[in-house]
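Here is the structure we will look at.
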Amino acid sequence: MGDLVTARLVLHPMTVGEAERVVAGESHRGARWAPGYPTDGDVAAARRFLGTCANTGDPQPFGIYEIRRREDGQAIGGLGFHGPADENGSVTIGYGLIPSARGKGYASEALRELLLFARARGVTCVKGDADHDNLGSQHVMVAAGMRPAGQDERVRYFEIAWTDTNATG
């Protein structure tokens with residue numbers, strides 16, 4: 001599977017070897033990690049991905065992606081799916097950036113691309129959530145086209161749904 005490319009970013013589908021290096025905190029020769037990458041969230045996502053690969057096989061294209069800046073190729077965060085679509089065509093997503101990359105629109109840009117990607121592959125609903133006090137993450141989901149879909153004592157839920165799976169409509 002190839003990279004997804006936006007105006008400023010490359011969303012690189014993570015391989016098992018790359019995920020193992022993220023968990024170990026050791027970039028391989030040629031990998032360029034921005035200072036602060038990987039975050040604890042990146043490590044947790046890589047661990048989940050490796051567990052999925054071990055239990056049920058590589059979930060690509062519904063795996064995890066490293067977010068890289070096109071201008072310098074440096075990894076600044078990650079995003080991806082918590083698994084393949086369920087029987088209703090729904091997926092859950094997650095994302096995160098290193099602190100120095102936040103507030104520049106990168107997360108919204110990456111999430112918009114991932115939403116288009118999911119829709120083009122037959123997904124009918126994408127869900128996400130953010131802690132009540134994580135206003136930045138809530139803003140990212142709204143900016144990418146997701147809408148509030150409820151809340152509990154801990155988080156606010158967001159989603160976007162399509163009645164067709166045509167990425168152009």
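Convention: chains lettered A, B, ... in structure tokens order; per-chain residue numbering from 1; ligands numbered from 1 as shown.
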
task = Using only C-alpha atoms, determine which residues lie at most 10 Å from stretch 78-84 of chain A, disregarding the query and same-chain residues fewer than 6 positions distant; provide the list as JSON, numbers by chain.
result = {"A": [11, 12, 13, 14, 37, 38, 39, 41, 42, 43, 45, 46, 48, 49, 52, 59, 60, 61, 62, 63, 64, 65, 66, 67, 68, 90, 91, 92, 93, 94, 95, 96, 97, 98, 107, 110, 111, 114, 118, 123, 126, 127, 128]}

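Rounded to one decimal, atom CA of A:Ile76 and atom CA of A:Pro148 lie 26.5 Å from each other.
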
request  = Give the strand (DSSP E) residues of stretch 35-167 of chain A, as DSSP finds them on the backbone, and put them as a PyMOL selection string.
outcome  = chain A and resi 64-69+75-81+90-97+125-131+147-151+155-161

key: Pick from A:Arg69, A:Arg102, A:Arg32, A:Arg47, whichever lies nearest to A:His139 using only C-alpha atoms   =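 Looking at the shortest contact to A:His139, the residue is A:Arg102.
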
ask   = Looking at A:Asp152, A:Asp86, A:Glu20, A:Glu109, which one is nearest to A:Val140, with distances taken over only C-alpha atoms?
value =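 Checking each candidate against A:Val140, we get A:Glu109 as the closest.
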
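Atom to atom, atom CA of A:Arg112 and atom CA of A:Gly36 stand 23.8 Å apart.
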
request  = Using DSSP on the backbone, list every residue of stretch 37-152 of chain A that comes out as alpha helix (DSSP H), and give them as a VMD selection string.
outcome  = chain A and resid 40 to 56 106 to 120 135 to 143

query = If you measure from atom CA of A:Val16 to atom CA of A:Cys125, what distance in Å do you get, rounded to one decimal?
reply =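 Separating atom CA of A:Val16 from atom CA of A:Cys125 is a distance of 26.9 Å.
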
key: Within 8 Å of A:Trp162 using only C-alpha atoms, minus same-chain residues under 2 positions, as a VMD selection string   = chain A and resid 119 124 to 125 160 164 to 165

What would the file look like if the residues just selected were written as a PDB file, in the first residue's frame with all heavy atoms?
ATOM      1  N   ARG A 119     -13.887   6.732   3.184  1.00  0.00           N
ATOM      2  CA  ARG A 119     -15.116   6.796   2.403  1.00  0.00           C
ATOM      3  C   ARG A 119     -14.946   6.108   1.046  1.00  0.00           C
ATOM      4  O   ARG A 119     -15.830   5.383   0.596  1.00  0.00           O
ATOM      5  CB  ARG A 119     -15.521   8.256   2.204  1.00  0.00           C
ATOM      6  CG  ARG A 119     -16.848   8.413   1.514  1.00  0.00           C
ATOM      7  CD  ARG A 119     -17.236   9.869   1.426  1.00  0.00           C
ATOM      8  NE  ARG A 119     -18.553   9.986   0.845  1.00  0.00           N
ATOM      9  CZ  ARG A 119     -19.083  11.114   0.454  1.00  0.00           C
ATOM     10  NH1 ARG A 119     -18.416  12.245   0.610  1.00  0.00           N
ATOM     11  NH2 ARG A 119     -20.286  11.141  -0.066  1.00  0.00           N
ATOM     12  N   THR A 124     -18.921   3.739   5.933  1.00  0.00           N
ATOM     13  CA  THR A 124     -20.111   4.597   5.969  1.00  0.00           C
ATOM     14  C   THR A 124     -20.140   5.542   7.163  1.00  0.00           C
ATOM     15  O   THR A 124     -20.887   6.510   7.159  1.00  0.00           O
ATOM     16  CB  THR A 124     -21.393   3.741   5.989  1.00  0.00           C
ATOM     17  OG1 THR A 124     -21.357   2.876   7.133  1.00  0.00           O
ATOM     18  CG2 THR A 124     -21.513   2.917   4.717  1.00  0.00           C
ATOM     19  N   CYS A 125     -19.310   5.279   8.176  1.00  0.00           N
ATOM     20  CA  CYS A 125     -19.290   6.135   9.367  1.00  0.00           C
ATOM     21  C   CYS A 125     -17.910   6.075  10.012  1.00  0.00           C
ATOM     22  O   CYS A 125     -17.346   4.992  10.164  1.00  0.00           O
ATOM     23  CB  CYS A 125     -20.350   5.671  10.367  1.00  0.00           C
ATOM     24  SG  CYS A 125     -20.441   6.662  11.879  1.00  0.00           S
ATOM     25  N   ILE A 160     -18.789  11.235  11.513  1.00  0.00           N
ATOM     26  CA  ILE A 160     -19.233  11.674  10.198  1.00  0.00           C
ATOM     27  C   ILE A 160     -19.775  10.419   9.523  1.00  0.00           C
ATOM     28  O   ILE A 160     -19.203   9.337   9.662  1.00  0.00           O
ATOM     29  CB  ILE A 160     -18.097  12.337   9.368  1.00  0.00           C
ATOM     30  CG1 ILE A 160     -18.639  12.921   8.080  1.00  0.00           C
ATOM     31  CG2 ILE A 160     -16.958  11.378   9.133  1.00  0.00           C
ATOM     32  CD1 ILE A 160     -17.637  13.815   7.332  1.00  0.00           C
ATOM     33  N   ASP A 164     -23.829   7.384   0.890  1.00  0.00           N
ATOM     34  CA  ASP A 164     -23.167   6.719  -0.226  1.00  0.00           C
ATOM     35  C   ASP A 164     -21.677   6.677   0.122  1.00  0.00           C
ATOM     36  O   ASP A 164     -21.238   7.320   1.053  1.00  0.00           O
ATOM     37  CB  ASP A 164     -23.392   7.454  -1.556  1.00  0.00           C
ATOM     38  CG  ASP A 164     -22.749   8.835  -1.572  1.00  0.00           C
ATOM     39  OD1 ASP A 164     -21.923   9.155  -0.708  1.00  0.00           O
ATOM     40  OD2 ASP A 164     -23.079   9.617  -2.475  1.00  0.00           O
ATOM     41  N   THR A 165     -20.920   5.928  -0.601  1.00  0.00           N
ATOM     42  CA  THR A 165     -19.491   5.846  -0.308  1.00  0.00           C
ATOM     43  C   THR A 165     -18.683   6.409  -1.456  1.00  0.00           C
ATOM     44  O   THR A 165     -17.574   5.989  -1.727  1.00  0.00           O
ATOM     45  CB  THR A 165     -19.077   4.384  -0.013  1.00  0.00           C
ATOM     46  OG1 THR A 165     -19.510   3.578  -1.089  1.00  0.00           O
ATOM     47  CG2 THR A 165     -19.672   3.918   1.294  1.00  0.00           C
TER      48      THR A 165
END

key: Nearest-residue call for A:Thr15, choices A:Asp40, A:Asp133, A:Glu113, A:Asp58, using only C-alpha atoms   =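 Among the listed residues, the smallest separation from A:Thr15 belongs to A:Asp58.
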